[in-house]
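Structure data (mmCIF, C-alpha atoms) from coords13.cif:
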data_protein
loop_
_atom_site.group_PDB
_atom_site.id
_atom_site.type_symbol
_atom_site.label_atom_id
_atom_site.label_comp_id
_atom_site.auth_asym_id
_atom_site.auth_seq_id
_atom_site.Cartn_x
_atom_site.Cartn_y
_atom_site.Cartn_z
ATOM 1 C CA MET A 64 -12.987 -51.064 -8.819
ATOM 2 C CA THR A 65 -15.737 -48.458 -9.289
ATOM 3 C CA GLY A 66 -15.105 -47.167 -5.785
ATOM 4 C CA ASP A 67 -11.402 -46.778 -6.505
ATOM 5 C CA VAL A 68 -12.133 -44.755 -9.635
ATOM 6 C CA ILE A 69 -14.565 -42.492 -7.768
ATOM 7 C CA ALA A 70 -12.050 -42.011 -4.956
ATOM 8 C CA ILE A 71 -9.339 -41.047 -7.430
ATOM 9 C CA ALA A 72 -11.687 -38.559 -9.107
ATOM 10 C CA LEU A 73 -12.627 -37.043 -5.744
ATOM 11 C CA GLY A 74 -8.935 -36.336 -5.206
ATOM 12 C CA LEU A 75 -9.441 -33.276 -7.396
ATOM 13 C CA LEU A 76 -11.812 -31.866 -4.780
ATOM 14 C CA VAL A 77 -9.270 -32.403 -2.004
ATOM 15 C CA GLY A 78 -6.585 -30.647 -4.036
ATOM 16 C CA LEU A 79 -8.837 -27.751 -5.001
ATOM 17 C CA SER A 80 -9.503 -26.959 -1.359
ATOM 18 C CA LEU A 81 -5.834 -27.187 -0.393
ATOM 19 C CA GLY A 82 -4.746 -24.916 -3.229
ATOM 20 C CA ALA A 83 -7.550 -22.371 -3.020
ATOM 21 C CA LEU A 84 -8.194 -22.231 0.735
ATOM 22 C CA GLY A 85 -5.019 -23.598 2.334
ATOM 23 C CA GLY A 86 -6.997 -26.123 4.385
ATOM 24 C CA GLY A 87 -10.092 -28.269 4.671
ATOM 25 C CA GLY A 88 -9.179 -30.618 1.828
ATOM 26 C CA SER A 89 -7.245 -33.005 4.018
ATOM 27 C CA THR A 90 -10.346 -33.573 6.141
ATOM 28 C CA LEU A 91 -11.969 -35.021 3.012
ATOM 29 C CA ALA A 92 -9.097 -37.367 2.190
ATOM 30 C CA VAL A 93 -9.660 -39.805 5.066
ATOM 31 C CA PRO A 94 -13.442 -40.314 4.529
ATOM 32 C CA ILE A 95 -12.834 -40.766 0.791
ATOM 33 C CA LEU A 96 -10.097 -43.342 1.364
ATOM 34 C CA VAL A 97 -12.168 -45.207 3.977
ATOM 35 C CA PHE A 98 -15.709 -45.168 2.617
ATOM 36 C CA VAL A 99 -15.031 -44.971 -1.126
ATOM 37 C CA ALA A 100 -11.656 -46.676 -1.610
ATOM 38 C CA GLY A 101 -12.167 -49.169 1.242
ATOM 39 C CA LEU A 102 -8.982 -48.574 3.279
ATOM 40 C CA GLN A 103 -8.856 -49.231 7.022
ATOM 41 C CA ALA A 104 -9.056 -46.080 9.154
ATOM 42 C CA GLN A 105 -5.441 -46.198 10.391
ATOM 43 C CA ASP A 106 -4.167 -46.917 6.876
ATOM 44 C CA ALA A 107 -6.278 -44.064 5.509
ATOM 45 C CA THR A 108 -4.828 -41.570 7.987
ATOM 46 C CA THR A 109 -1.304 -42.622 7.000
ATOM 47 C CA ALA A 110 -2.094 -42.433 3.284
ATOM 48 C CA SER A 111 -3.708 -39.035 3.839
ATOM 49 C CA LEU A 112 -0.459 -37.714 5.319
ATOM 50 C CA LEU A 113 1.468 -38.775 2.235
ATOM 51 C CA VAL A 114 -1.079 -37.434 -0.225
ATOM 52 C CA VAL A 115 -1.723 -34.127 1.527
ATOM 53 C CA GLY A 116 1.957 -33.512 2.291
ATOM 54 C CA LEU A 117 3.171 -34.019 -1.272
ATOM 55 C CA ALA A 118 0.248 -32.120 -2.773
ATOM 56 C CA ALA A 119 0.828 -29.208 -0.391
ATOM 57 C CA ALA A 120 4.476 -29.098 -1.518
ATOM 58 C CA PHE A 121 3.315 -28.423 -5.075
ATOM 59 C CA GLY A 122 0.997 -25.755 -3.733
ATOM 60 C CA VAL A 123 3.877 -24.053 -1.904
ATOM 61 C CA VAL A 124 5.798 -23.701 -5.164
ATOM 62 C CA SER A 125 2.801 -22.213 -6.942
ATOM 63 C CA HIS A 126 1.931 -19.790 -4.123
ATOM 64 C CA HIS A 127 5.584 -18.758 -3.750
ATOM 65 C CA ARG A 128 5.584 -17.583 -7.346
ATOM 66 C CA HIS A 129 2.824 -15.161 -6.401
ATOM 67 C CA GLY A 130 4.731 -13.952 -3.327
ATOM 68 C CA ASN A 131 2.274 -15.493 -0.865
ATOM 69 C CA VAL A 132 4.653 -17.673 1.189
ATOM 70 C CA ARG A 133 6.597 -16.601 4.289
ATOM 71 C CA LEU A 134 8.972 -19.509 4.542
ATOM 72 C CA ARG A 135 10.597 -18.766 7.911
ATOM 73 C CA ALA A 136 7.249 -18.336 9.648
ATOM 74 C CA GLY A 137 5.985 -21.585 8.131
ATOM 75 C CA LEU A 138 9.101 -23.508 9.154
ATOM 76 C CA ALA A 139 8.880 -22.203 12.724
ATOM 77 C CA PHE A 140 5.172 -23.053 13.001
ATOM 78 C CA GLY A 141 5.740 -26.562 11.653
ATOM 79 C CA ALA A 142 8.703 -27.271 13.942
ATOM 80 C CA ALA A 143 6.669 -26.171 16.971
ATOM 81 C CA GLY A 144 4.143 -28.957 16.311
ATOM 82 C CA VAL A 145 6.536 -31.913 16.667
ATOM 83 C CA VAL A 146 5.533 -32.802 20.237
ATOM 84 C CA GLY A 147 1.829 -32.623 19.424
ATOM 85 C CA SER A 148 2.328 -34.848 16.383
ATOM 86 C CA ARG A 149 4.017 -37.529 18.486
ATOM 87 C CA ILE A 150 1.206 -37.503 21.039
ATOM 88 C CA GLY A 151 -1.406 -37.698 18.270
ATOM 89 C CA LEU A 152 0.286 -40.726 16.720
ATOM 90 C CA LEU A 153 0.347 -42.601 20.038
ATOM 91 C CA VAL A 154 -3.372 -41.943 20.516
ATOM 92 C CA ASN A 155 -4.109 -42.985 16.900
ATOM 93 C CA ARG A 156 -2.495 -46.375 17.431
ATOM 94 C CA SER A 157 -4.506 -47.025 20.591
ATOM 95 C CA LEU A 158 -7.969 -46.128 19.276
ATOM 96 C CA ASP A 159 -10.572 -48.499 17.906
ATOM 97 C CA GLU A 160 -11.280 -47.813 14.221
ATOM 98 C CA ASN A 161 -14.909 -46.807 14.799
ATOM 99 C CA VAL A 162 -13.956 -44.499 17.651
ATOM 100 C CA LEU A 163 -11.352 -42.882 15.397
ATOM 101 C CA LEU A 164 -13.915 -42.310 12.637
ATOM 102 C CA ILE A 165 -16.507 -40.861 15.021
ATOM 103 C CA ALA A 166 -13.891 -38.492 16.430
ATOM 104 C CA PHE A 167 -12.912 -37.602 12.893
ATOM 105 C CA SER A 168 -16.511 -36.787 11.967
ATOM 106 C CA VAL A 169 -16.622 -34.391 14.936
ATOM 107 C CA LEU A 170 -13.437 -32.757 13.662
ATOM 108 C CA ILE A 171 -14.919 -32.363 10.170
ATOM 109 C CA ALA A 172 -18.036 -30.756 11.619
ATOM 110 C CA PHE A 173 -15.884 -28.344 13.634
ATOM 111 C CA VAL A 174 -13.862 -27.444 10.535
ATOM 112 C CA ALA A 175 -17.053 -26.863 8.550
ATOM 113 C CA VAL A 176 -18.468 -24.486 11.163
ATOM 114 C CA ARG A 177 -15.090 -22.746 11.575
ATOM 115 C CA MET A 178 -14.703 -22.207 7.837
ATOM 116 C CA TYR A 179 -18.277 -20.988 7.356
ATOM 117 C CA ARG A 180 -18.047 -18.487 10.208
ATOM 118 C CA SER A 181 -14.602 -17.269 9.144
ATOM 119 C CA VAL A 182 -15.930 -15.688 5.971
ATOM 120 C CA GLY A 183 -15.458 -11.944 6.015
ATOM 121 C CA PRO A 184 -12.899 -9.214 5.429
ATOM 122 C CA SER A 185 -9.461 -10.327 6.601
ATOM 123 C CA GLU A 186 -7.034 -7.896 5.028
ATOM 124 C CA VAL A 187 -6.379 -4.323 6.087
ATOM 125 C CA ALA A 188 -7.973 -1.841 3.737
ATOM 126 C CA VAL A 189 -5.320 0.449 2.260
ATOM 127 C CA ASP A 190 -5.708 2.824 -0.639
ATOM 128 C CA VAL A 191 -3.031 1.847 -3.122
ATOM 129 C CA ASP A 192 -2.520 2.840 -6.704
ATOM 130 C CA ASP A 193 -2.023 -0.201 -8.949
ATOM 131 C CA GLU A 194 1.287 1.159 -10.165
ATOM 132 C CA ASP A 195 2.649 2.063 -6.725
ATOM 133 C CA GLU A 196 4.912 -0.884 -5.917
ATOM 134 C CA VAL A 197 7.801 -1.727 -3.665
ATOM 135 C CA THR A 198 10.594 -3.795 -5.156
ATOM 136 C CA SER A 199 11.977 -6.680 -3.083
ATOM 137 C CA SER A 200 15.479 -8.033 -3.655
ATOM 138 C CA THR A 201 14.469 -11.447 -2.280
ATOM 139 C CA GLY A 202 11.219 -12.117 -4.084
ATOM 140 C CA PRO A 203 8.368 -10.828 -6.245
ATOM 141 C CA VAL A 204 7.422 -7.181 -6.504
ATOM 142 C CA LEU A 205 5.297 -6.172 -3.516
ATOM 143 C CA THR A 206 2.422 -3.724 -3.477
ATOM 144 C CA LYS A 207 2.457 -1.007 -0.829
ATOM 145 C CA GLU A 208 -0.454 -2.812 0.880
ATOM 146 C CA ARG A 209 1.568 -5.998 1.266
ATOM 147 C CA ALA A 210 4.635 -4.083 2.417
ATOM 148 C CA VAL A 211 2.548 -2.368 5.106
ATOM 149 C CA SER A 212 1.049 -5.670 6.241
ATOM 150 C CA ARG A 213 4.487 -7.237 6.575
ATOM 151 C CA ALA A 214 5.658 -4.394 8.720
ATOM 152 C CA ALA A 215 2.677 -4.779 11.057
ATOM 153 C CA LEU A 216 3.301 -8.319 12.294
ATOM 154 C CA ASP A 217 2.341 -8.965 15.901
ATOM 155 C CA LEU A 218 5.439 -10.548 17.492
ATOM 156 C CA SER A 219 4.485 -9.870 21.098
ATOM 157 C CA ALA A 220 5.170 -12.540 23.719
ATOM 158 C CA SER A 221 1.462 -13.286 24.151
ATOM 159 C CA ALA A 222 0.948 -13.723 20.404
ATOM 160 C CA LEU A 223 3.939 -16.053 20.127
ATOM 161 C CA VAL A 224 2.764 -18.154 23.084
ATOM 162 C CA LYS A 225 -0.667 -18.504 21.481
ATOM 163 C CA LEU A 226 0.990 -19.388 18.187
ATOM 164 C CA ALA A 227 3.060 -22.113 19.864
ATOM 165 C CA GLY A 228 -0.128 -23.500 21.384
ATOM 166 C CA ALA A 229 -1.858 -23.459 18.008
ATOM 167 C CA ALA A 230 1.139 -25.222 16.416
ATOM 168 C CA THR A 231 1.013 -27.949 19.064
ATOM 169 C CA ILE A 232 -2.699 -28.488 18.490
ATOM 170 C CA VAL A 233 -2.181 -28.669 14.722
ATOM 171 C CA GLY A 234 0.612 -31.215 15.228
ATOM 172 C CA LEU A 235 -1.659 -33.260 17.496
ATOM 173 C CA LEU A 236 -4.411 -33.334 14.865
ATOM 174 C CA THR A 237 -1.911 -34.264 12.163
ATOM 175 C CA GLY A 238 -0.574 -37.207 14.144
ATOM 176 C CA LEU A 239 -4.027 -38.360 15.232
ATOM 177 C CA PHE A 240 -6.132 -37.933 12.092
ATOM 178 C CA GLY A 241 -3.657 -37.566 9.228
ATOM 179 C CA VAL A 242 -4.866 -34.042 8.408
ATOM 180 C CA GLY A 243 -2.648 -31.132 7.467
ATOM 181 C CA GLY A 244 -4.308 -28.692 9.841
ATOM 182 C CA GLY A 245 -4.528 -25.808 7.400
ATOM 183 C CA PHE A 246 -8.011 -25.009 8.740
ATOM 184 C CA ALA A 247 -6.319 -24.091 12.052
ATOM 185 C CA VAL A 248 -3.084 -22.649 10.647
ATOM 186 C CA VAL A 249 -4.763 -20.054 8.412
ATOM 187 C CA PRO A 250 -6.801 -18.378 11.189
ATOM 188 C CA ALA A 251 -3.802 -18.604 13.557
ATOM 189 C CA LEU A 252 -1.618 -16.719 11.108
ATOM 190 C CA THR A 253 -4.274 -14.131 10.247
ATOM 191 C CA LEU A 254 -5.468 -13.496 13.801
ATOM 192 C CA LEU A 255 -2.246 -13.859 15.795
ATOM 193 C CA LEU A 256 0.433 -12.642 13.376
ATOM 194 C CA LYS A 257 -1.833 -10.423 11.247
ATOM 195 C CA PHE A 258 -0.955 -12.157 7.969
ATOM 196 C CA PRO A 259 -3.052 -11.122 4.954
ATOM 197 C CA ALA A 260 -5.392 -13.958 3.940
ATOM 198 C CA LYS A 261 -3.545 -14.986 0.784
ATOM 199 C CA GLU A 262 -0.191 -15.097 2.579
ATOM 200 C CA ALA A 263 -1.721 -17.123 5.401
ATOM 201 C CA ILE A 264 -3.014 -19.624 2.841
ATOM 202 C CA GLY A 265 0.348 -19.924 1.076
ATOM 203 C CA THR A 266 2.291 -20.182 4.338
ATOM 204 C CA SER A 267 -0.135 -22.737 5.767
ATOM 205 C CA LEU A 268 0.896 -25.118 2.982
ATOM 206 C CA VAL A 269 4.490 -24.965 4.269
ATOM 207 C CA VAL A 270 3.219 -25.980 7.710
ATOM 208 C CA ILE A 271 1.184 -28.817 6.198
ATOM 209 C CA VAL A 272 4.261 -30.178 4.386
ATOM 210 C CA ILE A 273 6.327 -30.121 7.578
ATOM 211 C CA ASN A 274 3.623 -31.649 9.783
ATOM 212 C CA ALA A 275 2.902 -34.387 7.262
ATOM 213 C CA ALA A 276 6.600 -35.214 6.856
ATOM 214 C CA ILE A 277 7.125 -35.436 10.625
ATOM 215 C CA ALA A 278 4.045 -37.596 11.173
ATOM 216 C CA LEU A 279 4.980 -39.878 8.269
ATOM 217 C CA ALA A 280 8.490 -40.325 9.649
ATOM 218 C CA MET A 281 6.945 -41.453 12.929
ATOM 219 C CA ARG A 282 4.761 -43.965 11.027
ATOM 220 C CA ALA A 283 7.582 -45.349 8.864
ATOM 221 C CA GLY A 284 6.730 -48.929 9.810
ATOM 222 C CA ASP A 285 2.984 -48.556 9.209
ATOM 223 C CA ILE A 286 2.938 -47.798 5.467
ATOM 224 C CA GLU A 287 1.033 -50.841 4.209
ATOM 225 C CA PHE A 288 -1.798 -49.340 2.157
ATOM 226 C CA ASP A 289 -2.739 -50.158 -1.441
ATOM 227 C CA TRP A 290 -0.467 -48.092 -3.698
ATOM 228 C CA GLY A 291 -2.717 -48.911 -6.644
ATOM 229 C CA VAL A 292 -5.321 -46.601 -5.093
ATOM 230 C CA VAL A 293 -3.132 -44.129 -3.237
ATOM 231 C CA ALA A 294 -0.757 -43.245 -6.100
ATOM 232 C CA PRO A 295 -3.515 -42.228 -8.596
ATOM 233 C CA PHE A 296 -5.349 -40.443 -5.768
ATOM 234 C CA LEU A 297 -2.172 -38.470 -5.059
ATOM 235 C CA ALA A 298 -1.898 -37.544 -8.733
ATOM 236 C CA THR A 299 -5.418 -36.109 -8.911
ATOM 237 C CA VAL A 300 -4.995 -34.272 -5.596
ATOM 238 C CA THR A 301 -1.816 -32.663 -6.935
ATOM 239 C CA VAL A 302 -3.598 -31.533 -10.091
ATOM 240 C CA GLY A 303 -6.352 -30.105 -7.908
ATOM 241 C CA VAL A 304 -3.842 -28.136 -5.822
ATOM 242 C CA VAL A 305 -2.325 -26.515 -8.919
ATOM 243 C CA VAL A 306 -5.773 -25.617 -10.271
ATOM 244 C CA GLY A 307 -6.957 -24.457 -6.836
ATOM 245 C CA THR A 308 -3.992 -22.109 -6.489
ATOM 246 C CA ARG A 309 -5.007 -20.402 -9.718
ATOM 247 C CA VAL A 310 -8.675 -20.387 -8.735
ATOM 248 C CA ALA A 311 -7.758 -18.530 -5.549
ATOM 249 C CA HIS A 312 -6.757 -15.521 -7.669
ATOM 250 C CA ASP A 313 -9.871 -15.528 -9.860
ATOM 251 C CA ILE A 314 -12.849 -16.502 -7.691
ATOM 252 C CA GLU A 315 -14.275 -14.715 -4.674
ATOM 253 C CA ALA A 316 -12.876 -16.546 -1.641
ATOM 254 C CA ASP A 317 -16.011 -16.022 0.498
ATOM 255 C CA ARG A 318 -18.282 -17.965 -1.857
ATOM 256 C CA LEU A 319 -15.745 -20.739 -2.251
ATOM 257 C CA THR A 320 -15.247 -21.052 1.500
ATOM 258 C CA ARG A 321 -18.966 -21.161 2.299
ATOM 259 C CA ALA A 322 -19.694 -23.745 -0.383
ATOM 260 C CA PHE A 323 -16.851 -25.945 0.793
ATOM 261 C CA ALA A 324 -17.903 -25.586 4.445
ATOM 262 C CA LEU A 325 -21.428 -26.788 3.612
ATOM 263 C CA MET A 326 -20.006 -29.776 1.786
ATOM 264 C CA LEU A 327 -17.778 -30.619 4.763
ATOM 265 C CA GLY A 328 -20.851 -30.535 7.000
ATOM 266 C CA ALA A 329 -22.511 -33.118 4.774
ATOM 267 C CA VAL A 330 -19.364 -35.280 4.836
ATOM 268 C CA ALA A 331 -19.279 -35.102 8.646
ATOM 269 C CA LEU A 332 -22.864 -36.365 8.851
ATOM 270 C CA TYR A 333 -22.167 -39.123 6.324
ATOM 271 C CA THR A 334 -19.012 -40.242 8.164
ATOM 272 C CA ALA A 335 -20.795 -40.429 11.514
ATOM 273 C CA ALA A 336 -23.875 -42.164 10.096
ATOM 274 C CA SER A 337 -21.833 -44.711 8.128
ATOM 275 C CA THR A 338 -19.727 -45.534 11.183
ATOM 276 C CA PHE A 339 -22.728 -46.031 13.451
ATOM 277 C CA LEU A 340 -24.556 -48.150 10.866
ATOM 278 C CA THR A 341 -21.590 -50.400 10.101
ATOM 279 C CA PRO A 342 -22.001 -53.755 11.873
#

Please re-express this file's structure in structure tokens.
Amino acid sequence: MTGDVIAIALGLLVGLSLGALGGGGSTLAVPILVFVAGLQAQDATTASLLVVGLAAAFGVVSHHRHGNVRLRAGLAFGAAGVVGSRIGLLVNRSLDENVLLIAFSVLIAFVAVRMYRSVGPSEVAVDVDDEDEVTSSTGPVLTKERAVSRAALDLSASALVKLAGAATIVGLLTGLFGVGGGFAVVPALTLLLKFPAKEAIGTSLVVIVINAAIALAMRAGDIEFDWGVVAPFLATVTVGVVVGTRVAHDIEADRLTRAFALMLGAVALYTAASTFLTP
């Protein structure tokens, strides 16, 4: 019972990362559900899809209110990952639980390194007066900086091919590990399509919702986890997403990203060590 309570409380941490950073939090969900709540690895990856997908949906609403979601781009990215998600699910079902957890610990370590090294300026510097705004008929008022960034999207054939590849990889990871893939979506959107960081974060949540929904649909017959643990965990993750979305506007993103990356590194080591030491 104590483990269940701790797992539910840790859901706040998962949600905070999703809301504030657009990724990374889902890589915590599986270790928490396995090592703290006591779920089997395959059940934990399925539960993670449900939790992360629904929580990300709340985050989309909150980020959209701030004008940080490009819905069409998110829908296209998510749809492009369907094939990868199917392949990931087939591999998930064929893997031994310990092998799955070891592979997952490697993924967490990769995410930690990727997040830590990604810290730095990501938006184009533009001198803009606070009162100089561009009015949009389809959404919130846009600053001149955001209007410029939206006009500078890279839609070249090479960028789109790379984006399709990134979407397939994200879908594969979602089907295999039950993660949303925001840690890969955010850099893909910023580097390939030149999205500003905050818009990449908001749009990545759309991709997470789509990937999670697709992967869950493919696992419709495998939903057998303990709802007594998963439902409260989902509730705290959702609260964390809402809080994290607000935190993203008030706290320096670099510090938050580095701190979270270091914590993920520790989780990766714990996951690997616990798996190897389990009889």

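Between CA of Leu91 in chain A and CA of Asn161 in chain A there is a distance of 16.9 Å.
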
Problem - Explicit residues for the PyMOL selection byres ((chain A and resi 261-277) around 8) (as a ChimeraX atom specification) - result: /A:81,83-86,112-113,115-117,119-120,122-123,126-127,130-134,136-138,140-142,144-145,148,234,237,241-245,248-250,252-253,258-260,278-281

Handout entry: Pick from A:Tyr333, A:Phe246, A:Phe323, A:Phe167 nearest to Ala230 in chain A, counting all atoms listed in the file
Key =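 Comparing A:Tyr333, A:Phe246, A:Phe323, A:Phe167 against Ala230 in chain A, the winner is A:Phe246.
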
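Straight-line separation from CA of Met178 in chain A to CA of Arg321 in chain A: 7.1 Å.
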
Problem - Atom pair CA of Leu236 in chain A / CA of Thr108 in chain A: separation (Å) - result: 10.7 Å

Mind giving me the axis-aligned box for range 126-138 of chain A with 3 Å on every side, centre plus edges in Å to one decimal, as lines of an AutoDock Vina configuration file?
center_x = 6.3
center_y = -18.7
center_z = 1.2
size_x = 14.7
size_y = 15.6
size_z = 23.0

Determine, using all atoms listed in the file, which residues of range 82-147 of chain A have any atom at most 10 Å from an atom of range 282-291 of chain A, and tabulate each with its shortest atom pair and distance in Å to one decimal place, rows ordered by chain and then rising number, as CSV.
residue,atom,partner,partner_atom,distance
A:Ala100,CA,A:Asp289,CA,9.6
A:Gly101,CA,A:Asp289,CA,9.9
A:Leu102,CA,A:Phe288,CA,7.3
A:Gln103,CA,A:Phe288,CA,8.6
A:Gln105,CA,A:Asp285,CA,8.8
A:Asp106,CA,A:Phe288,CA,5.8
A:Ala107,CA,A:Phe288,CA,7.7
A:Thr109,CA,A:Ile286,CA,6.9
A:Ala110,CA,A:Phe288,CA,7.0
A:Leu112,CA,A:Arg282,CA,9.9
A:Leu113,CA,A:Ile286,CA,9.7

Write the residues you've just listed into a file as a PDB file, in the coordinates of the input, and include C-alpha atoms for each of them.
ATOM      1  CA  ALA A 100     -11.656 -46.676  -1.610  1.00  0.00           C
ATOM      2  CA  GLY A 101     -12.167 -49.169   1.242  1.00  0.00           C
ATOM      3  CA  LEU A 102      -8.982 -48.574   3.279  1.00  0.00           C
ATOM      4  CA  GLN A 103      -8.856 -49.231   7.022  1.00  0.00           C
ATOM      5  CA  GLN A 105      -5.441 -46.198  10.391  1.00  0.00           C
ATOM      6  CA  ASP A 106      -4.167 -46.917   6.876  1.00  0.00           C
ATOM      7  CA  ALA A 107      -6.278 -44.064   5.509  1.00  0.00           C
ATOM      8  CA  THR A 109      -1.304 -42.622   7.000  1.00  0.00           C
ATOM      9  CA  ALA A 110      -2.094 -42.433   3.284  1.00  0.00           C
ATOM     10  CA  LEU A 112      -0.459 -37.714   5.319  1.00  0.00           C
ATOM     11  CA  LEU A 113       1.468 -38.775   2.235  1.00  0.00           C
TER      12      LEU A 113
END

Completion exercise
Using all atoms listed in the file, the shortest atom-to-atom distance to Ala70 in chain A among A:Val154, A:Ala92, A:Thr320, A:Ala118 belongs to A:Ala92

Exercise for the section: Between A:Val233, A:Ala227, A:Ala104, A:Leu319, single out the one closest to Val162 in chain A, counting all atoms listed in the file. Expected result: A:Ala104

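Distances here use only C-alpha atoms; by that measure, the residue among A:Leu256, A:Ile171, A:Leu96, A:Val114 closest to Leu327 in chain A is A:Ile171.
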
Problem - Selected residue of minimal separation from Arg149 in chain A among A:Leu239, A:Val310, A:Leu223, A:Ala335, counting only C-alpha atoms - result: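 The answer is A:Leu239, which sits nearest to Arg149 in chain A.
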
Problem - Output check: residues returned by the PyMOL selection byres ((chain A and resi 338) around 12), as a ChimeraX atom specification - result: /A:94,97-98,104,159-168,331-337,339-342

Fill in the blank from the handout: One residue among A:Ser111, A:Ile232, A:Tyr179, A:Thr308 is nearest to Arg128 in chain A when using only C-alpha atoms, and that residue is A:Thr308
